[in-house]
Structures are given as structure tokens and as C-alpha cells.
Amino acid sequence: MSTHVEAVGRLLGASSVNADALAGAFNGLDSDACVAAIERLTKRDMIRMWGAVEGRQVDAESFVPAGTAVDVEVIHEGKNSLPVFSRFQKRFTLAQGRPGVLYGYNHNWFNFTTAGPGYFVAHQDDSFGAYGLDYCQLPPRDVRLPSGWPAVVPQNRGLQRFIYANMVDYMRGVSDRVTIGRAWVKGKMTNNYFVLSRTGR
């Protein structure tokens, strides 16, 4: 396990990042080892990874594998490029009756500080040419979400409006279970990145 984790670091430290080799290194890791690898990533690593995987599209099945039942959550462990509160989870579920669309939210131990979980609707954004986690949209209030998920809270309520309002995270594929995202706010690119690793199968 440690050999493949260390390989991820070596590849990201090379003068030119080989996206195929990076995918192979991550694919050689099980779920727990993938999480260990992304925990080591720095902001510089994420910037280099984002550039290396340009054009590598993802879709709904990158986050919720085919065959997953409706009302089942799929957890992705995450690491972002912020200096604090850098560990988090994004949790996804199928949007019943909406092919290619997912509902999700941010699960953090510090949710109480943001006064809300940061719900999003994940979908293909053809205007941008990428799959996006769209915080400008929310799951319908009457939709059935997985057991234990928090209530859907509008993004303009409480402190979370400074974090999630008017934001879309656009995603790129890294490996079978690893993706990378970059935040756009009000249509403008930010310098905030994060990497997700899908847990389980």
C-alpha cells in the first residue's frame, strides 16, 4: 500500500505530471489507501493534478456507481486546498427520475459553524463542458433523501451564504474512484481546489 501512496507523491513532484501513470497509481490503492494518499496532498499538488487531467470528463456514475439503489448514499472523502478545515466528506445519492443527476451535500464536523450542510445538485453543464456540483440548485423539499441526511437549507441562510451561495464546483476525473474539483463563484474561476476519493466499492 505504502509503495503506491508514495508513487502518487513522486508523480505529482515530477517536472511533468503523467495523468495515465497517476491514474494507475491511484487504481493500485484500495479505498482506505486512496484516502491516505489524498490526505497528503498539498495545494501545489492539487494545482498540478488539475492541469494534468484537463479534458478527463466525469459523469454521475463517477460518483454513484451503476447499480446503486435509490435512497442509498455514497460517501466521498475529501481534502481541499484551504489552510484550515481541509478534511470533509461529500455525500451523493441518485436523483430519482432524473438520469445523470445526483443530489448531495457537504458533511463536516464543523457544519454547525456554517448553519447549513451545503446542498447541491450535480449535473452535466453543457455550457461549461463539465460535470458540476451546483450549489445554485437544491434538491426539491419533498424529495426522499437517504435516512439521516439533514434538512435542505437554502444557501442564502446563515453563514453558509458566504461559503456555498452562487458556487459551482466543476469536476475532472483522476482515476476510477478519485476526482478533482475547482470552484467557480458567480461564473468566475477561483483558486480553490479539492480532491475526492469514493469509499466502498
# chains A, B, ... in the order shown; residues from 1 in each chain; ligands from 1
>>> residues_around(residues="range 32-45 of chain A", least_positions_apart="5", cutoff="10 Å", atoms="only C-alpha atoms", output="PDB file with N, CA and C atoms, in the first residue's frame")
ATOM      1  N   MET A   1       0.829  -1.209   0.000  1.00  0.00           N
ATOM      2  CA  MET A   1       0.000   0.000   0.000  1.00  0.00           C
ATOM      3  C   MET A   1       0.858   1.250   0.000  1.00  0.00           C
ATOM      4  N   SER A   2       1.869   1.290   0.891  1.00  0.00           N
ATOM      5  CA  SER A   2       2.682   2.491   1.024  1.00  0.00           C
ATOM      6  C   SER A   2       3.425   2.805  -0.267  1.00  0.00           C
ATOM      7  N   HIS A   4       2.390   2.426  -3.375  1.00  0.00           N
ATOM      8  CA  HIS A   4       1.515   3.144  -4.298  1.00  0.00           C
ATOM      9  C   HIS A   4       1.205   4.554  -3.791  1.00  0.00           C
ATOM     10  N   VAL A   5       1.035   4.705  -2.476  1.00  0.00           N
ATOM     11  CA  VAL A   5       0.805   6.039  -1.916  1.00  0.00           C
ATOM     12  C   VAL A   5       1.996   6.937  -2.202  1.00  0.00           C
ATOM     13  N   GLU A   6       3.188   6.413  -1.984  1.00  0.00           N
ATOM     14  CA  GLU A   6       4.404   7.184  -2.260  1.00  0.00           C
ATOM     15  C   GLU A   6       4.543   7.475  -3.750  1.00  0.00           C
ATOM     16  N   ALA A   7       4.074   6.561  -4.599  1.00  0.00           N
ATOM     17  CA  ALA A   7       4.139   6.777  -6.041  1.00  0.00           C
ATOM     18  C   ALA A   7       3.309   7.984  -6.454  1.00  0.00           C
ATOM     19  N   VAL A   8       2.158   8.175  -5.815  1.00  0.00           N
ATOM     20  CA  VAL A   8       1.333   9.350  -6.106  1.00  0.00           C
ATOM     21  C   VAL A   8       2.135  10.614  -5.849  1.00  0.00           C
ATOM     22  N   GLY A   9       2.814  10.674  -4.718  1.00  0.00           N
ATOM     23  CA  GLY A   9       3.626  11.848  -4.399  1.00  0.00           C
ATOM     24  C   GLY A   9       4.746  12.067  -5.384  1.00  0.00           C
ATOM     25  N   LEU A  11       4.883  11.114  -8.536  1.00  0.00           N
ATOM     26  CA  LEU A  11       4.335  11.539  -9.831  1.00  0.00           C
ATOM     27  C   LEU A  11       3.960  13.017  -9.811  1.00  0.00           C
ATOM     28  N   LEU A  12       3.378  13.469  -8.708  1.00  0.00           N
ATOM     29  CA  LEU A  12       2.983  14.880  -8.616  1.00  0.00           C
ATOM     30  C   LEU A  12       4.189  15.798  -8.423  1.00  0.00           C
ATOM     31  N   GLY A  13       5.303  15.232  -7.993  1.00  0.00           N
ATOM     32  CA  GLY A  13       6.520  16.029  -7.817  1.00  0.00           C
ATOM     33  C   GLY A  13       7.404  16.059  -9.049  1.00  0.00           C
ATOM     34  N   VAL A  17       3.541  16.058 -14.957  1.00  0.00           N
ATOM     35  CA  VAL A  17       2.684  15.037 -14.347  1.00  0.00           C
ATOM     36  C   VAL A  17       2.065  14.183 -15.445  1.00  0.00           C
ATOM     37  N   ALA A  25      -1.506   4.710 -10.429  1.00  0.00           N
ATOM     38  CA  ALA A  25      -1.073   4.678  -9.025  1.00  0.00           C
ATOM     39  C   ALA A  25      -2.275   4.675  -8.085  1.00  0.00           C
ATOM     40  N   PHE A  26      -3.249   5.532  -8.358  1.00  0.00           N
ATOM     41  CA  PHE A  26      -4.448   5.556  -7.517  1.00  0.00           C
ATOM     42  C   PHE A  26      -5.246   4.260  -7.661  1.00  0.00           C
ATOM     43  N   ASN A  27      -5.316   3.723  -8.881  1.00  0.00           N
ATOM     44  CA  ASN A  27      -6.072   2.486  -9.088  1.00  0.00           C
ATOM     45  C   ASN A  27      -5.429   1.286  -8.411  1.00  0.00           C
ATOM     46  N   TRP A  50      -4.891  19.152 -11.294  1.00  0.00           N
ATOM     47  CA  TRP A  50      -5.964  19.759 -12.089  1.00  0.00           C
ATOM     48  C   TRP A  50      -5.514  19.984 -13.525  1.00  0.00           C
ATOM     49  N   HIS A  76     -17.871  10.190  -0.341  1.00  0.00           N
ATOM     50  CA  HIS A  76     -16.547  10.519  -0.875  1.00  0.00           C
ATOM     51  C   HIS A  76     -15.787  11.294   0.193  1.00  0.00           C
ATOM     52  N   GLU A  77     -14.635  10.779   0.579  1.00  0.00           N
ATOM     53  CA  GLU A  77     -13.754  11.517   1.483  1.00  0.00           C
ATOM     54  C   GLU A  77     -13.039  12.606   0.685  1.00  0.00           C
ATOM     55  N   GLY A  78     -12.882  13.776   1.303  1.00  0.00           N
ATOM     56  CA  GLY A  78     -12.304  14.894   0.573  1.00  0.00           C
ATOM     57  C   GLY A  78     -11.199  15.615   1.316  1.00  0.00           C
ATOM     58  N   LYS A  79     -10.333  16.221   0.531  1.00  0.00           N
ATOM     59  CA  LYS A  79      -9.277  17.109   1.050  1.00  0.00           C
ATOM     60  C   LYS A  79      -9.272  18.342   0.168  1.00  0.00           C
ATOM     61  N   ASN A  80      -9.373  19.546   0.773  1.00  0.00           N
ATOM     62  CA  ASN A  80      -9.352  20.768  -0.023  1.00  0.00           C
ATOM     63  C   ASN A  80      -8.054  21.530   0.183  1.00  0.00           C
ATOM     64  N   SER A  81      -7.917  22.607  -0.573  1.00  0.00           N
ATOM     65  CA  SER A  81      -6.661  23.360  -0.570  1.00  0.00           C
ATOM     66  C   SER A  81      -6.638  24.477   0.465  1.00  0.00           C
ATOM     67  N   LEU A  82      -7.648  24.543   1.319  1.00  0.00           N
ATOM     68  CA  LEU A  82      -7.689  25.585   2.334  1.00  0.00           C
ATOM     69  C   LEU A  82      -6.721  25.257   3.468  1.00  0.00           C
ATOM     70  N   PRO A  83      -6.212  26.286   4.169  1.00  0.00           N
ATOM     71  CA  PRO A  83      -5.248  26.028   5.244  1.00  0.00           C
ATOM     72  C   PRO A  83      -5.881  25.436   6.497  1.00  0.00           C
ATOM     73  N   SER A  86      -9.664  21.423   6.254  1.00  0.00           N
ATOM     74  CA  SER A  86      -9.388  20.896   4.920  1.00  0.00           C
ATOM     75  C   SER A  86      -9.973  19.508   4.677  1.00  0.00           C
ATOM     76  N   ARG A  87     -10.347  18.780   5.736  1.00  0.00           N
ATOM     77  CA  ARG A  87     -10.943  17.459   5.563  1.00  0.00           C
ATOM     78  C   ARG A  87     -12.465  17.552   5.646  1.00  0.00           C
ATOM     79  N   ARG A 177     -11.748   5.952  -8.776  1.00  0.00           N
ATOM     80  CA  ARG A 177     -12.501   6.441  -7.626  1.00  0.00           C
ATOM     81  C   ARG A 177     -12.117   7.855  -7.179  1.00  0.00           C
ATOM     82  N   VAL A 178     -11.125   8.450  -7.818  1.00  0.00           N
ATOM     83  CA  VAL A 178     -10.630   9.771  -7.415  1.00  0.00           C
ATOM     84  C   VAL A 178     -11.001  10.815  -8.456  1.00  0.00           C
ATOM     85  N   ASN A 191      -9.262  30.060  -6.987  1.00  0.00           N
ATOM     86  CA  ASN A 191      -8.039  29.281  -6.811  1.00  0.00           C
ATOM     87  C   ASN A 191      -8.222  28.242  -5.711  1.00  0.00           C
ATOM     88  N   ASN A 192      -9.470  27.774  -5.543  1.00  0.00           N
ATOM     89  CA  ASN A 192      -9.780  26.775  -4.521  1.00  0.00           C
ATOM     90  C   ASN A 192     -10.023  25.415  -5.182  1.00  0.00           C
ATOM     91  N   TYR A 193      -9.315  24.413  -4.718  1.00  0.00           N
ATOM     92  CA  TYR A 193      -9.368  23.062  -5.274  1.00  0.00           C
ATOM     93  C   TYR A 193      -9.724  22.061  -4.177  1.00  0.00           C
ATOM     94  N   PHE A 194     -10.168  20.890  -4.592  1.00  0.00           N
ATOM     95  CA  PHE A 194     -10.360  19.796  -3.657  1.00  0.00           C
ATOM     96  C   PHE A 194     -10.279  18.475  -4.416  1.00  0.00           C
ATOM     97  N   VAL A 195      -9.935  17.426  -3.695  1.00  0.00           N
ATOM     98  CA  VAL A 195      -9.849  16.091  -4.279  1.00  0.00           C
ATOM     99  C   VAL A 195     -10.774  15.178  -3.490  1.00  0.00           C
ATOM    100  N   LEU A 196     -11.523  14.331  -4.203  1.00  0.00           N
ATOM    101  CA  LEU A 196     -12.441  13.385  -3.595  1.00  0.00           C
ATOM    102  C   LEU A 196     -11.988  11.950  -3.881  1.00  0.00           C
ATOM    103  N   SER A 197     -12.230  11.079  -2.923  1.00  0.00           N
ATOM    104  CA  SER A 197     -11.992   9.651  -3.120  1.00  0.00           C
ATOM    105  C   SER A 197     -13.240   8.899  -2.673  1.00  0.00           C
ATOM    106  N   ARG A 198     -13.854   8.182  -3.612  1.00  0.00           N
ATOM    107  CA  ARG A 198     -15.076   7.433  -3.300  1.00  0.00           C
ATOM    108  C   ARG A 198     -14.739   6.247  -2.396  1.00  0.00           C
ATOM    109  N   THR A 199     -15.494   6.093  -1.316  1.00  0.00           N
ATOM    110  CA  THR A 199     -15.279   4.989  -0.412  1.00  0.00           C
ATOM    111  C   THR A 199     -16.078   3.769  -0.867  1.00  0.00           C
ATOM    112  N   GLY A 200     -15.810   2.645  -0.257  1.00  0.00           N
ATOM    113  CA  GLY A 200     -16.547   1.430  -0.609  1.00  0.00           C
ATOM    114  C   GLY A 200     -16.110   0.891  -1.955  1.00  0.00           C
TER     115      GLY A 200
END
>>> select_by_dssp(residues="range 56-108 of chain A", states="alpha helix (DSSP H)", output="ChimeraX atom specification")
/A:60-63
>>> residues_around(residues="range 170-176 of chain A", least_positions_apart="2", cutoff="6 Å", atoms="only C-alpha atoms", output="number ranges by chain")
A: 23, 56-58, 131-132, 178-182
>>> atom_distance(atom1="CA of Gln137 in chain A", atom2="CA of Asp59 in chain A")
17.6 Å
>>> residues_around(residues="range 99-108 of chain A", least_positions_apart="5", cutoff="9 Å", atoms="only C-alpha atoms", output="MDAnalysis selection string")
chainID A and resid 59:61 63:64 73 85 87:94 117:124 133 138:139 145 149:150
>>> write_last_selection(atoms="N, CA and C atoms", output="compact mmCIF listing (two decimals), in the first residue's frame")
# COMPACT_ATOMS: atom_id res chain seq x y z
N ASP A 59 -18.95 11.71 -14.97
CA ASP A 59 -20.40 11.75 -15.05
C ASP A 59 -20.98 11.25 -13.73
N ALA A 60 -22.28 11.07 -13.69
CA ALA A 60 -22.93 10.68 -12.44
C ALA A 60 -22.36 9.37 -11.89
N GLU A 61 -22.02 8.42 -12.78
CA GLU A 61 -21.53 7.12 -12.33
C GLU A 61 -20.13 7.20 -11.74
N PHE A 63 -19.49 9.16 -9.41
CA PHE A 63 -19.75 9.45 -8.00
C PHE A 63 -20.68 8.44 -7.35
N VAL A 64 -21.65 7.95 -8.10
CA VAL A 64 -22.57 6.91 -7.62
C VAL A 64 -22.52 5.78 -8.65
N GLU A 73 -26.82 6.36 0.07
CA GLU A 73 -25.79 7.38 -0.03
C GLU A 73 -24.45 6.75 -0.41
N PHE A 85 -9.73 23.47 8.19
CA PHE A 85 -10.95 22.73 7.85
C PHE A 85 -10.81 22.05 6.48
N ARG A 87 -10.35 18.78 5.74
CA ARG A 87 -10.94 17.46 5.56
C ARG A 87 -12.46 17.55 5.65
N PHE A 88 -13.13 16.79 4.81
CA PHE A 88 -14.59 16.82 4.75
C PHE A 88 -15.07 15.60 3.98
N GLN A 89 -16.37 15.45 3.88
CA GLN A 89 -16.98 14.45 3.02
C GLN A 89 -18.01 15.12 2.13
N LYS A 90 -18.15 14.61 0.93
CA LYS A 90 -19.31 14.91 0.10
C LYS A 90 -20.10 13.61 -0.03
N ARG A 91 -21.40 13.70 0.20
CA ARG A 91 -22.27 12.53 0.14
C ARG A 91 -23.26 12.70 -0.99
N PHE A 92 -23.39 11.66 -1.80
CA PHE A 92 -24.20 11.72 -3.01
C PHE A 92 -25.30 10.67 -2.97
N THR A 93 -26.39 10.94 -3.70
CA THR A 93 -27.43 9.95 -3.91
C THR A 93 -28.07 10.22 -5.27
N LEU A 94 -28.67 9.19 -5.84
CA LEU A 94 -29.34 9.34 -7.13
C LEU A 94 -30.54 10.27 -7.02
N PRO A 117 -25.73 22.50 5.71
CA PRO A 117 -24.87 21.44 5.17
C PRO A 117 -24.35 21.70 3.77
N GLY A 118 -24.79 22.73 3.08
CA GLY A 118 -24.29 22.97 1.73
C GLY A 118 -24.76 21.95 0.74
N TYR A 119 -26.08 21.93 0.47
CA TYR A 119 -26.63 21.01 -0.52
C TYR A 119 -26.31 21.49 -1.94
N PHE A 120 -26.26 20.52 -2.87
CA PHE A 120 -26.03 20.83 -4.27
C PHE A 120 -26.78 19.82 -5.13
N VAL A 121 -26.94 20.18 -6.40
CA VAL A 121 -27.46 19.27 -7.42
C VAL A 121 -26.33 19.08 -8.43
N ALA A 122 -25.93 17.82 -8.64
CA ALA A 122 -24.83 17.51 -9.54
C ALA A 122 -25.37 17.13 -10.91
N HIS A 123 -24.84 17.76 -11.96
CA HIS A 123 -25.36 17.52 -13.31
C HIS A 123 -24.33 17.96 -14.34
N GLN A 124 -24.51 17.52 -15.56
CA GLN A 124 -23.66 17.95 -16.66
C GLN A 124 -24.03 19.37 -17.05
N LEU A 133 -21.01 20.34 -9.54
CA LEU A 133 -21.75 20.26 -8.29
C LEU A 133 -22.29 21.66 -8.05
N LEU A 138 -30.99 23.31 -5.48
CA LEU A 138 -31.20 22.49 -4.30
C LEU A 138 -32.12 21.33 -4.63
N PRO A 139 -32.00 20.20 -3.93
CA PRO A 139 -32.99 19.14 -4.08
C PRO A 139 -34.38 19.67 -3.71
N LEU A 145 -34.77 11.72 0.56
CA LEU A 145 -33.31 11.63 0.63
C LEU A 145 -32.93 10.49 1.57
N TRP A 149 -29.91 12.09 6.48
CA TRP A 149 -29.45 13.33 5.86
C TRP A 149 -30.14 14.53 6.51
N PRO A 150 -29.44 15.65 6.63
CA PRO A 150 -30.05 16.83 7.26
C PRO A 150 -31.10 17.47 6.37
>>> residues_around(residues="Ala19 in chain A", least_positions_apart="2", cutoff="6 Å", atoms="only C-alpha atoms", output="ChimeraX atom specification")
/A:21-22,52-53
>>> write_last_selection(atoms="N, CA and C atoms", output="tab-separated table (two decimals), in the first residue's frame")
chain	number	residue	atom	x	y	z
A	21	ALA	N	-0.20	7.61	-15.64
A	21	ALA	CA	0.54	6.98	-14.55
A	21	ALA	C	-0.09	7.33	-13.20
A	22	LEU	N	-0.57	8.55	-13.06
A	22	LEU	CA	-1.22	8.96	-11.82
A	22	LEU	C	-2.49	8.13	-11.59
A	52	ALA	N	-3.05	18.46	-15.09
A	52	ALA	CA	-2.67	17.21	-15.76
A	52	ALA	C	-3.88	16.46	-16.30
A	53	VAL	N	-5.03	16.59	-15.64
A	53	VAL	CA	-6.21	15.79	-16.05
A	53	VAL	C	-7.21	16.63	-16.85
>>> select_by_dssp(residues="range 157-194 of chain A", states="strand (DSSP E or B)", output="NGL selection string")
:A and (167-173 or 178-185 or 188-194)
>>> write_last_selection(atoms="C-alpha atoms", output="PDB file, in the first residue's frame")
ATOM      1  CA  MET A 167     -20.940  28.492  -6.392  1.00  0.00           C
ATOM      2  CA  VAL A 168     -20.415  25.567  -8.770  1.00  0.00           C
ATOM      3  CA  ASP A 169     -17.626  23.013  -8.374  1.00  0.00           C
ATOM      4  CA  TYR A 170     -16.539  21.677 -11.761  1.00  0.00           C
ATOM      5  CA  MET A 171     -15.048  18.202 -11.724  1.00  0.00           C
ATOM      6  CA  ARG A 172     -12.402  16.236 -13.610  1.00  0.00           C
ATOM      7  CA  GLY A 173     -11.518  12.543 -13.423  1.00  0.00           C
ATOM      8  CA  VAL A 178     -10.630   9.771  -7.415  1.00  0.00           C
ATOM      9  CA  THR A 179     -11.840  13.089  -8.832  1.00  0.00           C
ATOM     10  CA  ILE A 180     -10.662  16.670  -8.531  1.00  0.00           C
ATOM     11  CA  GLY A 181     -12.765  19.818  -8.414  1.00  0.00           C
ATOM     12  CA  ARG A 182     -12.281  23.556  -8.722  1.00  0.00           C
ATOM     13  CA  ALA A 183     -14.727  26.162  -7.514  1.00  0.00           C
ATOM     14  CA  TRP A 184     -16.363  28.826  -9.670  1.00  0.00           C
ATOM     15  CA  VAL A 185     -18.265  31.618  -7.890  1.00  0.00           C
ATOM     16  CA  LYS A 188     -15.592  33.311 -12.106  1.00  0.00           C
ATOM     17  CA  MET A 189     -12.788  30.828 -11.536  1.00  0.00           C
ATOM     18  CA  THR A 190     -11.323  30.700  -8.033  1.00  0.00           C
ATOM     19  CA  ASN A 191      -8.039  29.281  -6.811  1.00  0.00           C
ATOM     20  CA  ASN A 192      -9.780  26.775  -4.521  1.00  0.00           C
ATOM     21  CA  TYR A 193      -9.368  23.062  -5.274  1.00  0.00           C
ATOM     22  CA  PHE A 194     -10.360  19.796  -3.657  1.00  0.00           C
TER      23      PHE A 194
END
